>>> print(open('model_37.cif').read())   # mmCIF, N, CA and C atoms
data_coords
loop_
_atom_site.label_atom_id
_atom_site.label_comp_id
_atom_site.auth_asym_id
_atom_site.auth_seq_id
_atom_site.Cartn_x
_atom_site.Cartn_y
_atom_site.Cartn_z
N MET A 151 108.30 73.74 180.16
CA MET A 151 107.95 72.47 179.60
C MET A 151 108.03 71.44 180.71
N LYS A 152 106.98 70.69 180.92
CA LYS A 152 106.94 69.74 182.01
C LYS A 152 107.77 68.49 181.74
N GLU A 153 107.80 68.03 180.49
CA GLU A 153 108.42 66.75 180.22
C GLU A 153 108.98 66.75 178.80
N ILE A 154 110.15 66.19 178.65
CA ILE A 154 110.73 66.05 177.31
C ILE A 154 111.06 64.59 177.11
N ARG A 155 110.66 64.06 175.99
CA ARG A 155 110.92 62.66 175.67
C ARG A 155 111.60 62.59 174.31
N ASN A 156 112.51 61.68 174.17
CA ASN A 156 113.10 61.39 172.87
C ASN A 156 112.30 60.25 172.26
N ILE A 157 111.25 60.60 171.57
CA ILE A 157 110.33 59.62 171.03
C ILE A 157 110.36 59.70 169.51
N PRO A 158 110.70 58.60 168.86
CA PRO A 158 110.68 58.64 167.40
C PRO A 158 109.25 58.65 166.90
N ILE A 159 108.97 59.58 166.07
CA ILE A 159 107.67 59.64 165.44
C ILE A 159 107.92 59.52 163.94
N PHE A 160 107.53 58.40 163.39
CA PHE A 160 107.79 58.15 161.98
C PHE A 160 106.57 58.56 161.19
N ILE A 161 106.73 59.56 160.43
CA ILE A 161 105.64 60.03 159.60
C ILE A 161 106.17 60.24 158.19
N PRO A 162 105.81 59.36 157.28
CA PRO A 162 106.26 59.57 155.90
C PRO A 162 105.66 60.86 155.34
N ILE A 163 106.46 61.54 154.56
CA ILE A 163 106.04 62.80 153.96
C ILE A 163 105.83 62.58 152.47
N LEU A 164 104.73 63.08 151.96
CA LEU A 164 104.52 63.04 150.52
C LEU A 164 105.28 64.19 149.89
N PHE A 165 105.98 63.93 148.80
CA PHE A 165 106.77 64.96 148.14
C PHE A 165 106.06 65.43 146.88
N LEU A 166 106.06 66.71 146.65
CA LEU A 166 105.54 67.27 145.41
C LEU A 166 106.59 67.10 144.34
N THR A 167 106.18 66.84 143.12
CA THR A 167 107.16 66.65 142.05
C THR A 167 107.73 67.98 141.61
N ALA A 168 108.91 67.92 141.02
CA ALA A 168 109.59 69.14 140.58
C ALA A 168 108.78 69.86 139.50
N SER A 169 107.97 69.12 138.76
CA SER A 169 107.17 69.78 137.71
C SER A 169 106.09 70.66 138.30
N ILE A 170 105.67 70.38 139.54
CA ILE A 170 104.65 71.20 140.18
C ILE A 170 105.27 72.47 140.74
N ILE A 171 106.41 72.32 141.41
CA ILE A 171 107.08 73.46 142.03
C ILE A 171 108.53 73.43 141.60
N SER A 172 108.79 73.76 140.35
CA SER A 172 110.12 73.60 139.80
C SER A 172 111.15 74.58 140.35
N ALA A 173 110.70 75.68 140.92
CA ALA A 173 111.64 76.68 141.42
C ALA A 173 112.17 76.33 142.81
N GLN A 174 111.61 75.33 143.46
CA GLN A 174 112.02 74.99 144.81
C GLN A 174 112.91 73.75 144.82
N THR A 175 113.83 73.71 145.75
CA THR A 175 114.65 72.53 145.95
C THR A 175 113.82 71.49 146.71
N ASP A 176 114.32 70.26 146.75
CA ASP A 176 113.64 69.21 147.51
C ASP A 176 113.50 69.62 148.98
N LYS A 177 114.55 70.17 149.55
CA LYS A 177 114.51 70.59 150.95
C LYS A 177 113.46 71.67 151.17
N GLU A 178 113.37 72.63 150.26
CA GLU A 178 112.38 73.69 150.39
C GLU A 178 110.96 73.12 150.30
N GLN A 179 110.77 72.14 149.44
CA GLN A 179 109.46 71.51 149.32
C GLN A 179 109.09 70.78 150.61
N ILE A 180 110.06 70.07 151.18
CA ILE A 180 109.80 69.35 152.44
C ILE A 180 109.46 70.33 153.55
N LEU A 181 110.20 71.43 153.64
CA LEU A 181 109.91 72.43 154.66
C LEU A 181 108.53 73.07 154.45
N MET A 182 108.15 73.29 153.19
CA MET A 182 106.83 73.83 152.88
C MET A 182 105.73 72.85 153.34
N LEU A 183 105.94 71.56 153.07
CA LEU A 183 104.97 70.56 153.50
C LEU A 183 104.91 70.44 155.01
N ARG A 184 106.06 70.54 155.68
CA ARG A 184 106.08 70.48 157.15
C ARG A 184 105.28 71.64 157.73
N THR A 185 105.46 72.84 157.17
CA THR A 185 104.73 74.02 157.63
C THR A 185 103.23 73.81 157.44
N ALA A 186 102.83 73.31 156.28
CA ALA A 186 101.41 73.07 156.02
C ALA A 186 100.85 72.00 156.96
N SER A 187 101.64 70.97 157.23
CA SER A 187 101.22 69.92 158.16
C SER A 187 101.04 70.49 159.56
N ASN A 188 101.99 71.31 160.00
CA ASN A 188 101.88 71.95 161.33
C ASN A 188 100.63 72.81 161.42
N GLN A 189 100.32 73.55 160.37
CA GLN A 189 99.13 74.40 160.37
C GLN A 189 97.87 73.55 160.47
N ALA A 190 97.83 72.44 159.76
CA ALA A 190 96.67 71.55 159.83
C ALA A 190 96.53 70.94 161.23
N LEU A 191 97.66 70.55 161.85
CA LEU A 191 97.62 70.01 163.20
C LEU A 191 97.07 71.04 164.19
N LYS A 192 97.56 72.27 164.09
CA LYS A 192 97.13 73.32 165.01
C LYS A 192 95.66 73.68 164.80
N ALA A 193 95.16 73.51 163.57
CA ALA A 193 93.76 73.81 163.26
C ALA A 193 92.84 72.60 163.54
N TYR A 194 93.41 71.50 164.06
CA TYR A 194 92.65 70.28 164.34
C TYR A 194 91.95 69.76 163.08
N ASP A 195 92.59 69.92 161.93
CA ASP A 195 92.04 69.50 160.64
C ASP A 195 92.59 68.10 160.32
N THR A 196 91.97 67.09 160.91
CA THR A 196 92.44 65.71 160.77
C THR A 196 92.52 65.28 159.31
N GLU A 197 91.52 65.59 158.54
CA GLU A 197 91.53 65.18 157.13
C GLU A 197 92.71 65.80 156.39
N LYS A 198 93.01 67.06 156.64
CA LYS A 198 94.16 67.71 156.00
C LYS A 198 95.47 67.09 156.47
N VAL A 199 95.57 66.82 157.78
CA VAL A 199 96.77 66.18 158.33
C VAL A 199 97.04 64.87 157.60
N LEU A 200 96.01 64.09 157.39
CA LEU A 200 96.17 62.78 156.77
C LEU A 200 96.61 62.86 155.31
N THR A 201 96.36 63.99 154.65
CA THR A 201 96.77 64.12 153.25
C THR A 201 98.29 64.15 153.10
N PHE A 202 99.01 64.42 154.16
CA PHE A 202 100.47 64.47 154.11
C PHE A 202 101.11 63.10 154.31
N LEU A 203 100.31 62.07 154.52
CA LEU A 203 100.82 60.73 154.83
C LEU A 203 100.53 59.76 153.71
N THR A 204 101.37 58.73 153.59
CA THR A 204 101.10 57.63 152.67
C THR A 204 100.18 56.64 153.37
N ALA A 205 99.50 55.79 152.60
CA ALA A 205 98.56 54.81 153.17
C ALA A 205 99.25 53.88 154.16
N ASP A 206 100.54 53.59 153.93
CA ASP A 206 101.26 52.64 154.78
C ASP A 206 102.12 53.34 155.84
N ALA A 207 101.74 54.54 156.22
CA ALA A 207 102.50 55.32 157.21
C ALA A 207 102.66 54.54 158.51
N LEU A 208 103.85 54.63 159.09
CA LEU A 208 104.11 54.07 160.41
C LEU A 208 104.27 55.23 161.38
N THR A 209 103.51 55.21 162.47
CA THR A 209 103.57 56.28 163.46
C THR A 209 103.76 55.66 164.83
N THR A 210 104.76 56.14 165.56
CA THR A 210 104.93 55.72 166.95
C THR A 210 104.39 56.84 167.82
N THR A 211 103.40 56.55 168.64
CA THR A 211 102.77 57.55 169.49
C THR A 211 103.66 57.86 170.69
N GLY A 212 103.29 58.86 171.45
CA GLY A 212 104.05 59.28 172.61
C GLY A 212 104.21 58.21 173.67
N ASN A 213 103.27 57.26 173.73
CA ASN A 213 103.39 56.19 174.72
C ASN A 213 104.01 54.92 174.14
N GLY A 214 104.53 55.02 172.89
CA GLY A 214 105.23 53.91 172.28
C GLY A 214 104.38 52.99 171.42
N THR A 215 103.10 53.27 171.29
CA THR A 215 102.22 52.45 170.45
C THR A 215 102.56 52.66 168.98
N LEU A 216 102.71 51.56 168.25
CA LEU A 216 102.99 51.63 166.82
C LEU A 216 101.69 51.54 166.04
N LEU A 217 101.41 52.56 165.25
CA LEU A 217 100.25 52.58 164.37
C LEU A 217 100.74 52.27 162.97
N THR A 218 100.13 51.28 162.29
CA THR A 218 100.71 50.75 161.06
C THR A 218 99.99 51.16 159.78
N SER A 219 99.27 52.24 159.80
CA SER A 219 98.67 52.75 158.56
C SER A 219 98.10 54.14 158.80
N LYS A 220 97.81 54.81 157.72
CA LYS A 220 97.16 56.12 157.81
C LYS A 220 95.79 55.95 158.47
N ASN A 221 95.09 54.89 158.13
CA ASN A 221 93.77 54.65 158.71
C ASN A 221 93.86 54.40 160.22
N ALA A 222 94.90 53.69 160.65
CA ALA A 222 95.10 53.45 162.09
C ALA A 222 95.36 54.77 162.81
N LEU A 223 96.12 55.66 162.20
CA LEU A 223 96.38 56.97 162.80
C LEU A 223 95.09 57.78 162.87
N LYS A 224 94.29 57.74 161.82
CA LYS A 224 93.01 58.45 161.81
C LYS A 224 92.13 57.98 162.96
N ASN A 225 92.02 56.66 163.14
CA ASN A 225 91.22 56.12 164.23
C ASN A 225 91.76 56.54 165.59
N TYR A 226 93.08 56.54 165.74
CA TYR A 226 93.73 56.96 166.98
C TYR A 226 93.38 58.42 167.30
N ILE A 227 93.45 59.26 166.28
CA ILE A 227 93.12 60.68 166.48
C ILE A 227 91.66 60.84 166.86
N LEU A 228 90.76 60.15 166.15
CA LEU A 228 89.33 60.27 166.42
C LEU A 228 88.95 59.73 167.80
N GLU A 229 89.65 58.68 168.23
CA GLU A 229 89.39 58.10 169.55
C GLU A 229 89.84 59.01 170.69
N ALA A 230 90.70 59.98 170.40
CA ALA A 230 91.17 60.91 171.42
C ALA A 230 90.06 61.85 171.87
N GLY A 231 88.98 61.89 171.13
CA GLY A 231 87.84 62.71 171.52
C GLY A 231 88.11 64.19 171.35
N ALA A 232 87.71 64.94 172.34
CA ALA A 232 87.77 66.40 172.26
C ALA A 232 89.10 66.97 172.76
N SER A 233 90.16 66.19 172.68
CA SER A 233 91.46 66.68 173.13
C SER A 233 91.84 67.93 172.36
N LYS A 234 92.38 68.90 173.06
CA LYS A 234 92.82 70.13 172.41
C LYS A 234 94.33 70.16 172.19
N MET A 235 94.99 69.04 172.47
CA MET A 235 96.43 68.95 172.24
C MET A 235 96.72 69.04 170.75
N TYR A 236 97.79 69.73 170.42
CA TYR A 236 98.29 69.71 169.05
C TYR A 236 99.80 69.74 169.11
N TRP A 237 100.43 69.35 168.00
CA TRP A 237 101.87 69.22 167.95
C TRP A 237 102.44 70.09 166.85
N VAL A 238 103.61 70.61 167.09
CA VAL A 238 104.33 71.38 166.08
C VAL A 238 105.71 70.75 165.94
N ARG A 239 106.07 70.42 164.71
CA ARG A 239 107.39 69.85 164.44
C ARG A 239 108.29 70.94 163.85
N THR A 240 109.52 71.00 164.34
CA THR A 240 110.50 71.95 163.83
C THR A 240 111.65 71.15 163.23
N THR A 241 111.81 71.26 161.93
CA THR A 241 112.85 70.51 161.22
C THR A 241 114.22 71.12 161.49
N THR A 242 115.20 70.25 161.80
CA THR A 242 116.56 70.73 162.00
C THR A 242 117.50 70.22 160.91
N ASP A 243 117.13 69.11 160.24
CA ASP A 243 118.02 68.54 159.25
C ASP A 243 117.22 67.76 158.22
N ILE A 244 117.61 67.88 156.95
CA ILE A 244 116.99 67.11 155.87
C ILE A 244 118.12 66.57 154.99
N LEU A 245 118.11 65.27 154.78
CA LEU A 245 119.07 64.62 153.89
C LEU A 245 118.28 64.05 152.72
N VAL A 246 118.63 64.45 151.51
CA VAL A 246 117.91 64.01 150.31
C VAL A 246 118.77 63.04 149.52
N ASN A 247 118.19 61.91 149.15
CA ASN A 247 118.84 60.94 148.28
C ASN A 247 118.17 61.08 146.91
N ASP A 248 118.79 61.86 146.03
CA ASP A 248 118.21 62.12 144.71
C ASP A 248 118.08 60.87 143.87
N LYS A 249 119.01 59.93 144.01
CA LYS A 249 118.97 58.71 143.20
C LYS A 249 117.78 57.84 143.55
N LYS A 250 117.44 57.77 144.83
CA LYS A 250 116.34 56.92 145.28
C LYS A 250 115.01 57.68 145.40
N GLY A 251 115.07 59.00 145.35
CA GLY A 251 113.84 59.78 145.50
C GLY A 251 113.29 59.75 146.91
N LEU A 252 114.18 59.64 147.88
CA LEU A 252 113.80 59.58 149.30
C LEU A 252 114.47 60.70 150.07
N ALA A 253 113.93 61.00 151.22
CA ALA A 253 114.55 62.00 152.09
C ALA A 253 114.37 61.58 153.54
N TRP A 254 115.32 61.99 154.38
CA TRP A 254 115.29 61.75 155.82
C TRP A 254 115.19 63.12 156.48
N GLU A 255 114.20 63.29 157.31
CA GLU A 255 114.00 64.54 158.03
C GLU A 255 114.15 64.27 159.52
N HIS A 256 114.76 65.19 160.22
CA HIS A 256 114.94 65.06 161.67
C HIS A 256 114.65 66.41 162.30
N GLY A 257 114.12 66.39 163.50
CA GLY A 257 113.86 67.64 164.19
C GLY A 257 113.32 67.41 165.58
N SER A 258 112.71 68.43 166.11
CA SER A 258 112.10 68.35 167.44
C SER A 258 110.60 68.64 167.32
N TRP A 259 109.86 68.17 168.29
CA TRP A 259 108.43 68.44 168.31
C TRP A 259 108.04 68.91 169.70
N LYS A 260 106.99 69.70 169.73
CA LYS A 260 106.43 70.17 170.99
C LYS A 260 104.93 70.00 170.95
N GLY A 261 104.38 69.58 172.06
CA GLY A 261 102.94 69.41 172.19
C GLY A 261 102.36 70.53 173.04
N TYR A 262 101.27 71.09 172.56
CA TYR A 262 100.63 72.22 173.23
C TYR A 262 99.21 71.86 173.63
N ASP A 263 98.81 72.34 174.79
CA ASP A 263 97.42 72.22 175.24
C ASP A 263 96.95 73.64 175.57
N PRO A 264 96.15 74.23 174.70
CA PRO A 264 95.71 75.62 174.91
C PRO A 264 95.03 75.85 176.26
N ASP A 265 94.43 74.81 176.83
CA ASP A 265 93.79 74.96 178.14
C ASP A 265 94.81 75.15 179.26
N GLN A 266 96.08 74.80 178.98
CA GLN A 266 97.13 74.93 180.00
C GLN A 266 98.07 76.11 179.73
N GLY A 267 97.77 76.90 178.71
CA GLY A 267 98.59 78.06 178.42
C GLY A 267 99.29 77.95 177.08
N ALA A 268 100.16 78.93 176.82
CA ALA A 268 100.82 79.03 175.52
C ALA A 268 102.12 78.23 175.43
N GLU A 269 102.64 77.76 176.56
CA GLU A 269 103.90 77.01 176.56
C GLU A 269 103.66 75.54 176.26
N ALA A 270 104.64 74.90 175.63
CA ALA A 270 104.55 73.46 175.35
C ALA A 270 104.49 72.68 176.65
N VAL A 271 103.70 71.61 176.65
CA VAL A 271 103.57 70.76 177.83
C VAL A 271 104.34 69.45 177.70
N VAL A 272 104.80 69.15 176.50
CA VAL A 272 105.56 67.94 176.24
C VAL A 272 106.36 68.17 174.96
N GLY A 273 107.40 67.40 174.76
CA GLY A 273 108.20 67.54 173.55
C GLY A 273 109.22 66.45 173.41
N GLY A 274 109.90 66.43 172.29
CA GLY A 274 110.91 65.42 172.04
C GLY A 274 111.51 65.58 170.67
N ASN A 275 112.09 64.52 170.17
CA ASN A 275 112.72 64.52 168.85
C ASN A 275 111.95 63.60 167.91
N TYR A 276 112.07 63.84 166.61
CA TYR A 276 111.42 62.98 165.64
C TYR A 276 112.31 62.78 164.41
N PRO A 277 112.16 61.61 163.79
CA PRO A 277 112.67 61.40 162.44
C PRO A 277 111.47 61.17 161.52
N ALA A 278 111.60 61.50 160.28
CA ALA A 278 110.55 61.21 159.30
C ALA A 278 111.21 60.85 157.99
N MET A 279 110.62 59.93 157.26
CA MET A 279 111.16 59.53 155.98
C MET A 279 110.03 59.41 154.99
#
>>> encode(input="model_37.cif", output="structure tokens")
Amino acid sequence: MKEIRNIPIFIPILFLTASIISAQTDKEQILMLRTASNQALKAYDTEKVLTFLTADALTTTGNGTLLTSKNALKNYILEAGASKMYWVRTTTDILVNDKKGLAWEHGSWKGYDPDQGAEAVVGGNYPAM
């Protein structure tokens, strides 16, 4: 890995209701959504990636730019052109507040460029709420 940065990436996660997946805990649902989000990122499926975000999502990019909506993130992704970079997030901790219906997720992320090989070329830590 060439570079590691501790960069907060705030990406709100949409939660499925217990009535949809009643056999799973909140943490299991969050992990399932994270896996699906990672798969969409790796497949360069921008529209699918955006389905995991709320309209008012706040995202801090790797260079510190704050994007203040899902639409702003979509434009940022589209402006990147034919970049083959993709990111994979690995969750290390999830704290669920059942009373408020919120959760805090923390983990690490790695960025891959298939043109440079199978190893991550950048990485860091992220929180998501």
>>> residues_around(input="model_37.cif", residues="stretch 254-263 of chain A", least_positions_apart="5", cutoff="6 Å", atoms="only N, CA and C atoms", output="PyMOL selection string")
chain A and resi 234-247+269-279
>>> write_last_selection(input="model_37.cif", atoms="N, CA and C atoms", output="PDB file, in the frame of the given file")
ATOM      1  N   LYS A 234      92.380  68.900 173.060  1.00  0.00           N
ATOM      2  CA  LYS A 234      92.820  70.130 172.410  1.00  0.00           C
ATOM      3  C   LYS A 234      94.330  70.160 172.190  1.00  0.00           C
ATOM      4  N   MET A 235      94.990  69.040 172.470  1.00  0.00           N
ATOM      5  CA  MET A 235      96.430  68.950 172.240  1.00  0.00           C
ATOM      6  C   MET A 235      96.720  69.040 170.750  1.00  0.00           C
ATOM      7  N   TYR A 236      97.790  69.730 170.420  1.00  0.00           N
ATOM      8  CA  TYR A 236      98.290  69.710 169.050  1.00  0.00           C
ATOM      9  C   TYR A 236      99.800  69.740 169.110  1.00  0.00           C
ATOM     10  N   TRP A 237     100.430  69.350 168.000  1.00  0.00           N
ATOM     11  CA  TRP A 237     101.870  69.220 167.950  1.00  0.00           C
ATOM     12  C   TRP A 237     102.440  70.090 166.850  1.00  0.00           C
ATOM     13  N   VAL A 238     103.610  70.610 167.090  1.00  0.00           N
ATOM     14  CA  VAL A 238     104.330  71.380 166.080  1.00  0.00           C
ATOM     15  C   VAL A 238     105.710  70.750 165.940  1.00  0.00           C
ATOM     16  N   ARG A 239     106.070  70.420 164.710  1.00  0.00           N
ATOM     17  CA  ARG A 239     107.390  69.850 164.440  1.00  0.00           C
ATOM     18  C   ARG A 239     108.290  70.940 163.850  1.00  0.00           C
ATOM     19  N   THR A 240     109.520  71.000 164.340  1.00  0.00           N
ATOM     20  CA  THR A 240     110.500  71.950 163.830  1.00  0.00           C
ATOM     21  C   THR A 240     111.650  71.150 163.230  1.00  0.00           C
ATOM     22  N   THR A 241     111.810  71.260 161.930  1.00  0.00           N
ATOM     23  CA  THR A 241     112.850  70.510 161.220  1.00  0.00           C
ATOM     24  C   THR A 241     114.220  71.120 161.490  1.00  0.00           C
ATOM     25  N   THR A 242     115.200  70.250 161.800  1.00  0.00           N
ATOM     26  CA  THR A 242     116.560  70.730 162.000  1.00  0.00           C
ATOM     27  C   THR A 242     117.500  70.220 160.910  1.00  0.00           C
ATOM     28  N   ASP A 243     117.130  69.110 160.240  1.00  0.00           N
ATOM     29  CA  ASP A 243     118.020  68.540 159.250  1.00  0.00           C
ATOM     30  C   ASP A 243     117.220  67.760 158.220  1.00  0.00           C
ATOM     31  N   ILE A 244     117.610  67.880 156.950  1.00  0.00           N
ATOM     32  CA  ILE A 244     116.990  67.110 155.870  1.00  0.00           C
ATOM     33  C   ILE A 244     118.120  66.570 154.990  1.00  0.00           C
ATOM     34  N   LEU A 245     118.110  65.270 154.780  1.00  0.00           N
ATOM     35  CA  LEU A 245     119.070  64.620 153.890  1.00  0.00           C
ATOM     36  C   LEU A 245     118.280  64.050 152.720  1.00  0.00           C
ATOM     37  N   VAL A 246     118.630  64.450 151.510  1.00  0.00           N
ATOM     38  CA  VAL A 246     117.910  64.010 150.310  1.00  0.00           C
ATOM     39  C   VAL A 246     118.770  63.040 149.520  1.00  0.00           C
ATOM     40  N   ASN A 247     118.190  61.910 149.150  1.00  0.00           N
ATOM     41  CA  ASN A 247     118.840  60.940 148.280  1.00  0.00           C
ATOM     42  C   ASN A 247     118.170  61.080 146.910  1.00  0.00           C
ATOM     43  N   GLU A 269     102.640  77.760 176.560  1.00  0.00           N
ATOM     44  CA  GLU A 269     103.900  77.010 176.560  1.00  0.00           C
ATOM     45  C   GLU A 269     103.660  75.540 176.260  1.00  0.00           C
ATOM     46  N   ALA A 270     104.640  74.900 175.630  1.00  0.00           N
ATOM     47  CA  ALA A 270     104.550  73.460 175.350  1.00  0.00           C
ATOM     48  C   ALA A 270     104.490  72.680 176.650  1.00  0.00           C
ATOM     49  N   VAL A 271     103.700  71.610 176.650  1.00  0.00           N
ATOM     50  CA  VAL A 271     103.570  70.760 177.830  1.00  0.00           C
ATOM     51  C   VAL A 271     104.340  69.450 177.700  1.00  0.00           C
ATOM     52  N   VAL A 272     104.800  69.150 176.500  1.00  0.00           N
ATOM     53  CA  VAL A 272     105.560  67.940 176.240  1.00  0.00           C
ATOM     54  C   VAL A 272     106.360  68.170 174.960  1.00  0.00           C
ATOM     55  N   GLY A 273     107.400  67.400 174.760  1.00  0.00           N
ATOM     56  CA  GLY A 273     108.200  67.540 173.550  1.00  0.00           C
ATOM     57  C   GLY A 273     109.220  66.450 173.410  1.00  0.00           C
ATOM     58  N   GLY A 274     109.900  66.430 172.290  1.00  0.00           N
ATOM     59  CA  GLY A 274     110.910  65.420 172.040  1.00  0.00           C
ATOM     60  C   GLY A 274     111.510  65.580 170.670  1.00  0.00           C
ATOM     61  N   ASN A 275     112.090  64.520 170.170  1.00  0.00           N
ATOM     62  CA  ASN A 275     112.720  64.520 168.850  1.00  0.00           C
ATOM     63  C   ASN A 275     111.950  63.600 167.910  1.00  0.00           C
ATOM     64  N   TYR A 276     112.070  63.840 166.610  1.00  0.00           N
ATOM     65  CA  TYR A 276     111.420  62.980 165.640  1.00  0.00           C
ATOM     66  C   TYR A 276     112.310  62.780 164.410  1.00  0.00           C
ATOM     67  N   PRO A 277     112.160  61.610 163.790  1.00  0.00           N
ATOM     68  CA  PRO A 277     112.670  61.400 162.440  1.00  0.00           C
ATOM     69  C   PRO A 277     111.470  61.170 161.520  1.00  0.00           C
ATOM     70  N   ALA A 278     111.600  61.500 160.280  1.00  0.00           N
ATOM     71  CA  ALA A 278     110.550  61.210 159.300  1.00  0.00           C
ATOM     72  C   ALA A 278     111.210  60.850 157.990  1.00  0.00           C
ATOM     73  N   MET A 279     110.620  59.930 157.260  1.00  0.00           N
ATOM     74  CA  MET A 279     111.160  59.530 155.980  1.00  0.00           C
ATOM     75  C   MET A 279     110.030  59.410 154.990  1.00  0.00           C
TER      76      MET A 279
END
>>> closest_residue(input="model_37.cif", among="A:Thr218, A:Thr185, A:Gln266, A:Asn225", to="A:Asp206", atoms="only N, CA and C atoms")
A:Thr218
>>> atom_distance(input="model_37.cif", atom1="atom CA of A:Ser187", atom2="atom CA of A:Leu223")
14.6 Å
>>> select_by_dssp(input="model_37.cif", residues="chain A", states="strand (DSSP E or B)", output="ChimeraX atom specification")
/A:154-155,209-210,216-217,236-247,252-262,272-278
>>> resolve_selection(input="model_37.cif", expression="the PyMOL selection byres (((chain A and resi 219 and name CA) around 7) and name CA)", output="JSON, numbers by chain")
{"A": [205, 206, 207, 208, 217, 218, 220, 221, 222, 223]}
>>> axis_aligned_box(input="model_37.cif", around="stretch 238-245 of chain A", padding_each_side="6 Å", output="lines of an AutoDock Vina configuration file")
center_x = 111.3
center_y = 68.0
center_z = 159.9
size_x = 27.5
size_y = 19.9
size_z = 26.4
>>> closest_residue(input="model_37.cif", among="A:Gly267, A:Asp176, A:Ala253, A:Thr196", to="A:Ala230", atoms="only C-alpha atoms")
A:Thr196
>>> atom_distance(input="model_37.cif", atom1="atom CA of A:Ala190", atom2="atom C of A:Leu228")
16.2 Å
>>> atom_distance(input="model_37.cif", atom1="atom CA of A:Ala186", atom2="atom CA of A:Lys224")
17.8 Å
